[in-house]
Every structure is written in structure tokens, then in C-alpha cells.
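As provided, final_34.txt (compact mmCIF, C-alpha atoms and all ligand atoms) reads as follows.
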# COMPACT_ATOMS: atom_id res chain seq x y z
CA MET H 1 69.76 142.80 74.91
CA LYS H 2 68.61 139.15 74.99
CA GLN H 3 66.06 137.83 77.48
CA ILE H 4 66.71 134.49 79.20
CA LEU H 5 63.99 132.60 81.08
CA ILE H 6 64.86 129.78 83.49
CA ILE H 7 61.56 127.94 83.83
CA GLY H 8 60.86 125.12 86.30
CA ILE H 9 58.68 122.54 84.52
CA GLY H 10 57.92 120.12 87.35
CA ALA H 11 59.11 116.57 87.77
CA GLY H 12 57.39 114.55 85.05
CA ASP H 13 53.66 115.27 85.18
CA PRO H 14 52.64 117.78 82.47
CA ASP H 15 50.09 119.14 84.97
CA HIS H 16 52.97 120.28 87.20
CA LEU H 17 53.40 123.28 84.86
CA THR H 18 52.23 126.40 86.66
CA ARG H 19 50.28 129.21 84.97
CA GLN H 20 53.37 131.37 85.44
CA ALA H 21 55.48 128.78 83.60
CA ILE H 22 52.95 128.54 80.76
CA LYS H 23 52.89 132.33 80.35
CA ALA H 24 56.69 132.41 80.33
CA MET H 25 56.87 129.60 77.74
CA ASN H 26 54.60 131.64 75.49
CA ARG H 27 57.11 134.53 75.61
CA ALA H 28 60.03 132.43 74.36
CA ASP H 29 61.28 132.48 70.76
CA ALA H 30 63.57 129.52 71.41
CA PHE H 31 64.05 126.70 73.92
CA PHE H 32 67.51 125.46 74.82
CA LEU H 33 67.75 121.66 75.06
CA MET H 34 70.73 120.16 76.86
CA ASP H 35 69.84 116.75 78.24
CA LYS H 36 72.39 113.96 78.49
CA GLY H 37 72.85 110.26 79.19
CA PRO H 38 70.38 107.39 78.75
CA SER H 39 67.38 109.51 79.84
CA LYS H 40 68.10 112.14 77.17
CA GLY H 41 65.49 110.98 74.61
CA THR H 42 62.66 110.72 77.16
CA LEU H 43 63.42 114.06 78.80
CA ILE H 44 63.77 115.92 75.49
CA ASP H 45 60.49 114.38 74.22
CA HIS H 46 58.80 115.50 77.45
CA ARG H 47 59.96 119.10 76.94
CA ARG H 48 58.91 119.10 73.28
CA ARG H 49 55.47 117.73 74.23
CA LEU H 50 55.01 120.40 76.91
CA CYS H 51 55.74 123.10 74.30
CA GLU H 52 53.26 121.55 71.85
CA GLU H 53 50.60 121.42 74.56
CA VAL H 54 50.86 124.90 76.03
CA ILE H 55 52.22 127.25 73.35
CA ASP H 56 49.41 129.17 71.73
CA GLY H 57 50.08 129.31 68.01
CA THR H 58 53.24 131.45 68.21
CA ASP H 59 56.38 130.31 66.40
CA TYR H 60 59.22 128.86 68.43
CA ARG H 61 62.30 126.76 67.79
CA PHE H 62 64.63 124.45 69.70
CA ILE H 63 68.34 125.04 70.10
CA GLU H 64 70.20 121.85 70.98
CA GLY H 65 73.48 122.12 72.85
CA ASP H 66 75.92 119.27 73.42
CA CYS H 67 75.63 118.58 77.11
CA PRO H 68 79.00 117.81 78.71
CA GLU H 69 79.18 114.93 81.24
CA ARG H 70 80.78 115.08 84.68
CA ILE H 71 83.92 113.00 84.98
CA ARG H 72 82.97 110.35 87.55
CA ASN H 73 84.94 108.40 90.17
CA VAL H 74 87.48 111.18 90.70
CA PRO H 75 88.68 111.95 94.25
CA ASN H 76 87.59 115.60 94.22
CA TYR H 77 83.83 115.71 93.57
CA ARG H 78 83.63 119.50 93.95
CA SER H 79 86.27 120.23 91.33
CA SER H 80 84.66 117.75 88.89
CA VAL H 81 81.37 119.72 89.27
CA ASP H 82 83.21 123.03 88.80
CA ASP H 83 84.79 121.65 85.60
CA LEU H 84 81.40 120.42 84.39
CA ASN H 85 79.80 123.81 85.04
CA GLN H 86 82.61 125.57 83.19
CA ASP H 87 82.02 123.26 80.19
CA LYS H 88 78.28 123.86 80.41
CA ARG H 89 78.85 127.59 80.57
CA GLU H 90 80.71 127.45 77.26
CA VAL H 91 77.77 125.61 75.65
CA PHE H 92 75.28 128.10 77.17
CA GLU H 93 77.34 131.02 75.83
CA TRP H 94 77.45 129.49 72.36
CA MET H 95 73.67 128.93 72.36
CA ILE H 96 72.93 132.46 73.59
CA ASP H 97 75.58 134.28 71.59
CA GLU H 98 75.33 132.49 68.27
CA GLN H 99 71.88 130.94 68.17
CA LEU H 100 69.72 133.69 69.70
CA ALA H 101 69.29 137.04 67.92
CA ASP H 102 69.40 140.39 69.65
CA GLY H 103 65.98 141.20 71.15
CA GLU H 104 64.93 137.51 71.26
CA CYS H 105 63.90 135.53 74.32
CA GLY H 106 65.40 132.08 75.02
CA ALA H 107 64.22 129.65 77.70
CA PHE H 108 65.78 126.82 79.69
CA LEU H 109 63.10 124.29 80.71
CA VAL H 110 64.58 123.07 83.97
CA TRP H 111 63.45 119.76 85.50
CA GLY H 112 61.56 120.22 88.78
CA ASP H 113 62.52 123.52 90.38
CA PRO H 114 65.59 125.44 89.16
CA ALA H 115 66.72 126.18 92.75
CA LEU H 116 67.16 122.51 93.69
CA TYR H 117 70.33 120.63 92.66
CA ASP H 118 70.54 122.33 89.30
CA SER H 119 73.24 124.70 88.07
CA THR H 120 71.32 126.64 85.41
CA ILE H 121 70.71 129.69 87.64
CA ARG H 122 74.38 129.82 88.72
CA ILE H 123 75.71 129.49 85.18
CA VAL H 124 73.35 132.11 83.69
CA ALA H 125 74.14 134.48 86.59
CA ASP H 126 77.87 134.06 85.90
CA ILE H 127 77.36 134.79 82.20
CA ALA H 128 75.33 137.92 83.02
CA ALA H 129 77.93 139.09 85.56
CA ALA H 130 80.80 138.60 83.10
CA GLY H 131 79.16 141.23 80.88
CA ARG H 132 80.42 139.93 77.52
CA LEU H 133 76.86 138.99 76.49
CA ALA H 134 74.08 141.52 77.10
CA ILE H 135 71.43 139.40 78.82
CA ASP H 136 68.68 139.90 81.30
CA TYR H 137 67.25 136.81 83.05
CA GLU H 138 64.28 135.69 85.14
CA VAL H 139 63.59 132.52 87.15
CA ILE H 140 60.17 130.89 87.24
CA PRO H 141 59.79 128.31 90.03
CA GLY H 142 58.57 124.77 89.39
CA ILE H 143 57.21 121.85 91.40
CA SER H 144 60.24 119.93 92.59
CA SER H 145 60.50 116.15 92.60
CA LEU H 146 60.50 116.29 96.41
CA GLN H 147 57.18 118.13 96.55
CA ALA H 148 55.77 115.61 94.09
CA LEU H 149 57.12 112.72 96.20
CA ALA H 150 55.63 114.07 99.44
CA ALA H 151 52.27 114.71 97.77
CA ARG H 152 52.07 111.19 96.30
CA HIS H 153 52.88 109.64 99.71
CA LYS H 154 50.59 112.15 101.48
CA VAL H 155 53.29 113.11 103.98
CA CYS H 156 54.94 116.36 105.16
CA PHE H 157 58.67 117.03 104.80
CA ASN H 158 58.95 117.91 108.49
CA SER H 159 57.50 116.53 111.70
CA ILE H 160 55.68 119.20 113.75
CA GLY H 161 57.90 122.18 114.50
CA ASN H 162 61.11 120.43 113.47
CA ALA H 163 63.74 121.14 110.85
CA PHE H 164 64.51 118.78 107.97
CA GLN H 165 67.41 118.47 105.58
CA VAL H 166 67.67 117.86 101.84
CA MET H 167 70.87 116.15 100.77
CA PRO H 168 72.45 114.15 97.97
CA ALA H 169 72.93 110.47 98.86
CA ARG H 170 76.71 110.95 98.69
CA ARG H 171 76.49 113.27 101.73
CA LEU H 172 74.19 110.90 103.62
CA ALA H 173 76.74 108.12 103.08
CA GLU H 174 79.62 110.33 104.25
CA GLN H 175 77.95 112.01 107.23
CA GLY H 176 75.25 109.59 108.37
CA PHE H 177 71.74 110.60 109.45
CA PRO H 178 72.09 114.06 111.06
CA GLU H 179 71.90 113.63 114.86
CA ALA H 180 69.72 116.64 115.53
CA LEU H 181 67.12 115.88 112.84
CA ASP H 182 64.34 113.37 112.37
CA SER H 183 63.66 113.89 108.63
CA VAL H 184 66.02 113.77 105.66
CA LEU H 185 65.12 114.06 101.97
CA VAL H 186 67.59 112.26 99.74
CA MET H 187 68.25 112.78 96.02
CA LEU H 188 70.75 111.58 93.43
CA ASP H 189 71.28 108.11 94.91
CA ALA H 190 73.32 105.94 92.55
CA ARG H 191 74.22 103.34 95.19
CA ASP H 192 71.22 102.22 97.33
CA THR H 193 72.56 104.36 100.19
CA TYR H 194 69.41 103.78 102.32
CA THR H 195 70.42 100.11 102.78
CA GLY H 196 73.22 101.29 105.09
CA PHE H 197 70.57 102.61 107.54
CA VAL H 198 68.64 99.39 108.15
CA GLY H 199 68.28 98.58 111.87
CA GLN H 200 67.98 102.24 112.96
CA GLY H 201 64.19 102.40 113.34
CA LEU H 202 63.62 104.55 110.22
CA THR H 203 60.60 104.84 107.92
CA ILE H 204 61.18 105.42 104.18
CA TYR H 205 58.92 107.04 101.60
CA TRP H 206 60.48 106.22 98.22
CA GLY H 207 59.42 107.07 94.68
CA ALA H 208 60.79 106.63 91.17
CA TYR H 209 59.72 108.64 88.08
CA VAL H 210 57.24 110.38 90.40
CA GLY H 211 54.50 112.20 88.51
CA SER H 212 55.09 110.30 85.26
CA ALA H 213 53.19 107.32 83.83
CA ASP H 214 56.06 105.08 85.01
CA GLU H 215 55.80 106.16 88.66
CA VAL H 216 56.54 103.54 91.34
CA LEU H 217 56.06 104.23 95.07
CA ILE H 218 57.08 102.16 98.10
CA ALA H 219 56.74 103.18 101.77
CA GLY H 220 57.16 101.46 105.10
CA ALA H 221 59.58 100.56 107.85
CA LEU H 222 63.02 100.70 106.20
CA ASP H 223 63.97 97.33 107.73
CA GLU H 224 61.00 95.73 105.97
CA VAL H 225 61.07 97.44 102.55
CA ALA H 226 64.76 98.16 101.85
CA GLU H 227 65.16 94.94 99.89
CA SER H 228 62.01 95.54 97.80
CA ILE H 229 63.25 99.04 96.96
CA ARG H 230 66.66 97.69 95.96
CA ASP H 231 65.01 95.04 93.72
CA ALA H 232 62.63 97.61 92.22
CA ARG H 233 65.50 99.99 91.47
CA ARG H 234 67.46 97.24 89.72
CA GLU H 235 64.47 96.08 87.66
CA LEU H 236 63.42 99.63 86.72
CA ARG H 237 66.94 100.59 85.71
CA GLU H 238 67.09 97.50 83.48
CA LYS H 239 63.65 98.19 82.00
CA HIS H 240 64.09 101.93 81.26
CA GLY H 241 67.87 102.17 80.97
CA TRP H 242 67.89 104.91 83.65
CA ILE H 243 66.19 105.81 86.91
CA MET H 244 65.26 109.01 88.72
CA ASP H 245 64.22 108.40 92.31
CA SER H 246 64.29 110.08 95.68
CA TYR H 247 63.14 109.39 99.22
CA LEU H 248 62.25 110.75 102.63
CA LEU H 249 63.82 109.00 105.61
CA ARG H 250 62.14 109.63 108.97
CA ARG H 251 63.03 108.44 112.44
CA GLY H 252 60.35 106.27 114.02
CA ALA H 253 57.21 104.64 112.67
CA ALA H 254 55.05 106.00 109.82
CA ASP H 255 52.99 109.16 110.53
C1 LIG H 301 69.90 116.92 89.31
S1 LIG H 301 68.61 116.65 90.46
C2 LIG H 301 67.41 117.79 89.86
C3 LIG H 301 66.30 118.03 90.84
C4 LIG H 301 65.20 118.93 90.27
N1 LIG H 301 65.69 120.28 90.03
C5 LIG H 301 64.00 118.99 91.20
O1 LIG H 301 63.55 120.10 91.55
O2 LIG H 301 63.48 117.93 91.53
C6 LIG H 301 68.02 115.07 89.90
C7 LIG H 301 67.47 114.23 91.04
O3 LIG H 301 66.16 114.66 91.34
C8 LIG H 301 65.38 113.55 91.75
N2 LIG H 301 64.23 113.45 90.82
C9 LIG H 301 64.00 114.24 89.76
N3 LIG H 301 62.84 113.91 89.17
C10 LIG H 301 62.33 112.90 89.88
C11 LIG H 301 61.13 112.15 89.78
N4 LIG H 301 60.23 112.38 88.82
N5 LIG H 301 60.91 111.18 90.71
C12 LIG H 301 61.79 110.95 91.70
N6 LIG H 301 62.94 111.64 91.86
C13 LIG H 301 63.20 112.59 90.96
C14 LIG H 301 66.28 112.34 91.70
O4 LIG H 301 66.83 112.15 92.98
C15 LIG H 301 67.32 112.75 90.72
O5 LIG H 301 68.52 112.04 90.91

C-alpha cells encoding of this file:
Amino acid sequence: MKQILIIGIGAGDPDHLTRQAIKAMNRADAFFLMDKGPSKGTLIDHRRRLCEEVIDGTDYRFIEGDCPERIRNVPNYRSSVDDLNQDKREVFEWMIDEQLADGECGAFLVWGDPALYDSTIRIVADIAAAGRLAIDYEVIPGISSLQALAARHKVCFNSIGNAFQVMPARRLAEQGFPEALDSVLVMLDARDTYTGFVGQGLTIYWGAYVGSADEVLIAGALDEVAESIRDARRELREKHGWIMDSYLLRRGAAD
């Protein structure tokens, strides 16, 4: 039997690591690294630094897997994600089967919280259910980028007694601002989707690289700050080569 830990590491601030995450990291013999794209170097360095900081003298190693990329600009988004997850599953299986010995413990250090827009739990569950590899797995929650965003802006996700929704920007663009809600948290925006909602009396709380030394925050009436956010996104993407940002959109004026 091999033990797999899926550990949420928070969204960029080393102090996001919980005590539970630190204890789990100290149980691991190996850490799987699978970042991709222009942010790969920064995100891998962050994970390596976290290990150096919190692991107490025990030996550990890194197992690097080739992270497949999703094929973009295809008509069927869902099937492109299914294909990506199938490719990822093959890499996970190789790392677990061939790079981890029987009785060892391997850990995925998942950005933010593993339950939020991340497929690691689903893929590991599928591998366990298939039964070819004898694995047992645990999930350790982390501070998500949305919690970090709300904390830095000192706002709540919801207005009093009301529901809110978390959605990828692609859905916001397709469906519009949900009629029955007053608060929407938006992730994975590659296209300045918020600019399509100017003139609707919304407030935006936006943040990039939240929790890290590069953090940038902008908040205000969307009509007044949309252009500054768009400029900031363009400049930051040029400066760093990549951007990770998210935002809360709320009907009405700031709290
Ligand atoms: C694939 S999702 C992973 C989310 C992650 N599991 C979490 O709990 O935050 C990646 C998206 O999370 C958001 N994100 C992650 N880290 C962020 C950060 N430090 N600041 C702002 N947004 C962030 C961005 O919207 C990014 O496109």
C-alpha cells in the first residue's frame, strides 16, 4: 500500500500553511511536482521553499512529472478538460507506480484549496477506484485564493443572509450576472470579463498574486476602476510573464 496526501498549501503566502498541512508535509517521503506554463518556475520554487521551511530534518525528495496542457480554443471545453485529466492521470499513475516505493507516502502540494477548481482529488480518487495501484489517500484543506482575496479587501463573500456564487469567468461571460444573486466570485479570467459589466451598478474587489510579495489590490465602483484593472493586468502580465487574479463582484455600492 502507498499513502497519498493531497495538501492545500494556500495561495502564495507561506504563512497560509496550516498546522495540519505542516504535519502532513512532515509525513511525506516524496513530493510530486507538476506545474506548467510560464508560472512553472515560480510555483515550483514556492513549493520547494515551503518544504525547506517546514520539514523537520527528515529526508524527502521531489518527483517531477511532465504536466500536460489543455488544448485551448476548441469548441467543447468540457471534453478538452476530460482529455487533460486523462493525460494527467497517466502522469500521476507513472509517478505513483514507478517513482514511489511500496509503503512510502507521496504528497501533492495543491495551490490554494484542493476542493476549488483543481482536479487532483478527482484524479487520485479515480486511480484509487480503478484498483490497479494499491493506494490510500487523504485531503488536507488549504486557504483558497478567494479567502485570501476577501481577507485582504476586508470584505465578506456574501451580503447578510444571502447566497453567493463562485464561477470561472467563462461562465460569467456566457450566463451573465445571476439574477437572483448579489455577489459573485470570479476566477480564471483570461479575457477581462468584468469589463462587460460596466454600467450595471456593481462594485469590484480585485486582486492579483494575492498573499505573495507581488500582490496588487484594486477595489471600487466597477465603472470607475475597470480601466485601471485592465491596465494593471496588462502591465503585470508583461512584467511577470503570467498572472493569477480573481475578484468579487457585488451589486450596489461598497460595503
Ligand atoms: C486553477 S484555479 C486554482 C484555485 C485554487 N485551488 C484555490 O483554492 O485558490 C486558479 C485560479 O485561482 C485564482 N488564484 C489562485 N491563486 C491566486 C492568487 N494568489 N491571487 C489571486 N487569484 C488567485 C485565479 O483566478 C487563478 O486563475

Can you pull out every residue within 6 Å of Ala28 in chain H, counting all atoms listed in the file, but drop anything in the same chain fewer than 3 positions away, and send it as a list in words?
-> Met25, Cys105 and Gly106 of chain H

Output of the above residues as a PDB file, in the coordinates of the input, restricted to C-alpha atoms:
ATOM      1  CA  MET H  25      56.870 129.600  77.740  1.00  0.00           C
ATOM      2  CA  CYS H 105      63.900 135.530  74.320  1.00  0.00           C
ATOM      3  CA  GLY H 106      65.400 132.080  75.020  1.00  0.00           C
TER       4      GLY H 106
END

Against ligand LIG 301 (chain H), which residues of chain H fall within 6 Å? For each one I want the closest pair of atoms and the distance in Å (one decimal), counting only C-alpha atoms and all ligand atoms, rows by chain and increasing residue number, as JSON lines.
{"residue": "H:Ala11", "atom": "CA", "partner": "H:LIG301", "partner_atom": "N4", "distance": 4.5}
{"residue": "H:Gly12", "atom": "CA", "partner": "H:LIG301", "partner_atom": "N4", "distance": 5.2}
{"residue": "H:Trp111", "atom": "CA", "partner": "H:LIG301", "partner_atom": "N1", "distance": 5.1}
{"residue": "H:Gly112", "atom": "CA", "partner": "H:LIG301", "partner_atom": "O1", "distance": 3.4}
{"residue": "H:Asp113", "atom": "CA", "partner": "H:LIG301", "partner_atom": "O1", "distance": 3.8}
{"residue": "H:Pro114", "atom": "CA", "partner": "H:LIG301", "partner_atom": "N1", "distance": 5.2}
{"residue": "H:Leu116", "atom": "CA", "partner": "H:LIG301", "partner_atom": "N1", "distance": 4.5}
{"residue": "H:Tyr117", "atom": "CA", "partner": "H:LIG301", "partner_atom": "S1", "distance": 4.9}
{"residue": "H:Asp118", "atom": "CA", "partner": "H:LIG301", "partner_atom": "N1", "distance": 5.3}
{"residue": "H:Ser144", "atom": "CA", "partner": "H:LIG301", "partner_atom": "O1", "distance": 3.5}
{"residue": "H:Ser145", "atom": "CA", "partner": "H:LIG301", "partner_atom": "O2", "distance": 3.6}
{"residue": "H:Leu146", "atom": "CA", "partner": "H:LIG301", "partner_atom": "O2", "distance": 5.9}
{"residue": "H:Met187", "atom": "CA", "partner": "H:LIG301", "partner_atom": "O4", "distance": 3.4}
{"residue": "H:Leu188", "atom": "CA", "partner": "H:LIG301", "partner_atom": "O5", "distance": 3.4}
{"residue": "H:Gly207", "atom": "CA", "partner": "H:LIG301", "partner_atom": "C12", "distance": 5.4}
{"residue": "H:Ala208", "atom": "CA", "partner": "H:LIG301", "partner_atom": "C12", "distance": 4.5}
{"residue": "H:Tyr209", "atom": "CA", "partner": "H:LIG301", "partner_atom": "N5", "distance": 3.8}
{"residue": "H:Val210", "atom": "CA", "partner": "H:LIG301", "partner_atom": "N5", "distance": 3.8}
{"residue": "H:Gly211", "atom": "CA", "partner": "H:LIG301", "partner_atom": "N4", "distance": 5.7}
{"residue": "H:Met244", "atom": "CA", "partner": "H:LIG301", "partner_atom": "C14", "distance": 4.6}
{"residue": "H:Asp245", "atom": "CA", "partner": "H:LIG301", "partner_atom": "N6", "distance": 3.5}
{"residue": "H:Ser246", "atom": "CA", "partner": "H:LIG301", "partner_atom": "O4", "distance": 4.2}

Suppose we keep C-alpha atoms; can you now write the selection as a PDB file, in the coordinates of the input?
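Generated output (selection-v2.pdb):
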ATOM      1  CA  ALA H  11      59.110 116.570  87.770  1.00  0.00           C
ATOM      2  CA  GLY H  12      57.390 114.550  85.050  1.00  0.00           C
ATOM      3  CA  TRP H 111      63.450 119.760  85.500  1.00  0.00           C
ATOM      4  CA  GLY H 112      61.560 120.220  88.780  1.00  0.00           C
ATOM      5  CA  ASP H 113      62.520 123.520  90.380  1.00  0.00           C
ATOM      6  CA  PRO H 114      65.590 125.440  89.160  1.00  0.00           C
ATOM      7  CA  LEU H 116      67.160 122.510  93.690  1.00  0.00           C
ATOM      8  CA  TYR H 117      70.330 120.630  92.660  1.00  0.00           C
ATOM      9  CA  ASP H 118      70.540 122.330  89.300  1.00  0.00           C
ATOM     10  CA  SER H 144      60.240 119.930  92.590  1.00  0.00           C
ATOM     11  CA  SER H 145      60.500 116.150  92.600  1.00  0.00           C
ATOM     12  CA  LEU H 146      60.500 116.290  96.410  1.00  0.00           C
ATOM     13  CA  MET H 187      68.250 112.780  96.020  1.00  0.00           C
ATOM     14  CA  LEU H 188      70.750 111.580  93.430  1.00  0.00           C
ATOM     15  CA  GLY H 207      59.420 107.070  94.680  1.00  0.00           C
ATOM     16  CA  ALA H 208      60.790 106.630  91.170  1.00  0.00           C
ATOM     17  CA  TYR H 209      59.720 108.640  88.080  1.00  0.00           C
ATOM     18  CA  VAL H 210      57.240 110.380  90.400  1.00  0.00           C
ATOM     19  CA  GLY H 211      54.500 112.200  88.510  1.00  0.00           C
ATOM     20  CA  MET H 244      65.260 109.010  88.720  1.00  0.00           C
ATOM     21  CA  ASP H 245      64.220 108.400  92.310  1.00  0.00           C
ATOM     22  CA  SER H 246      64.290 110.080  95.680  1.00  0.00           C
TER      23      SER H 246
END

Against range 219-236 of chain H, which residues of range 45-161 of chain H fall within 12 Å? For each one I want the closest pair of atoms and the distance in Å (one decimal), counting only C-alpha atoms, rows by chain and increasing residue number, as a Markdown table.
| residue | atom | partner | partner_atom | distance |
| --- | --- | --- | --- | --- |
| H:Leu149 | CA | H:Ala219 | CA | 11.1 |
| H:Ala150 | CA | H:Ala219 | CA | 11.2 |
| H:Arg152 | CA | H:Ala219 | CA | 10.8 |
| H:His153 | CA | H:Ala219 | CA | 7.8 |
| H:Lys154 | CA | H:Ala219 | CA | 10.9 |
| H:Val155 | CA | H:Ala219 | CA | 10.7 |

Give me, please, the distance in Å between CA of Glu69 in chain H and CA of Asp35 in chain H, quoted to one decimal.
-> 10.0 Å

Please provide the set of residues having any atom within 10 Å of Leu172 in chain H, restricted to all atoms listed in the file, with same-chain residues fewer than 5 positions apart removed, written as a VMD selection string.
-> chain H and resid 166 to 167 177 to 178 184 to 187 189 193 to 194 196 to 197

Between CA of Arg61 in chain H and CA of Glu93 in chain H - distance in Å to one decimal | 17.6 Å

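In terms of minimum interatomic distance to Arg191 in chain H, H:Ile243 ranks closest within H:Leu217, H:Asp126, H:Ile243, H:Ile96, counting all atoms listed in the file.
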
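If you look at CA of Pro141 in chain H and CA of Met95 in chain H, they are 22.5 Å away from each other.
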
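Taking only C-alpha atoms into account, Phe92 in chain H lies nearest to H:Ile123 out of the set H:Val74, H:Ala190, H:Leu181, H:Ile123.
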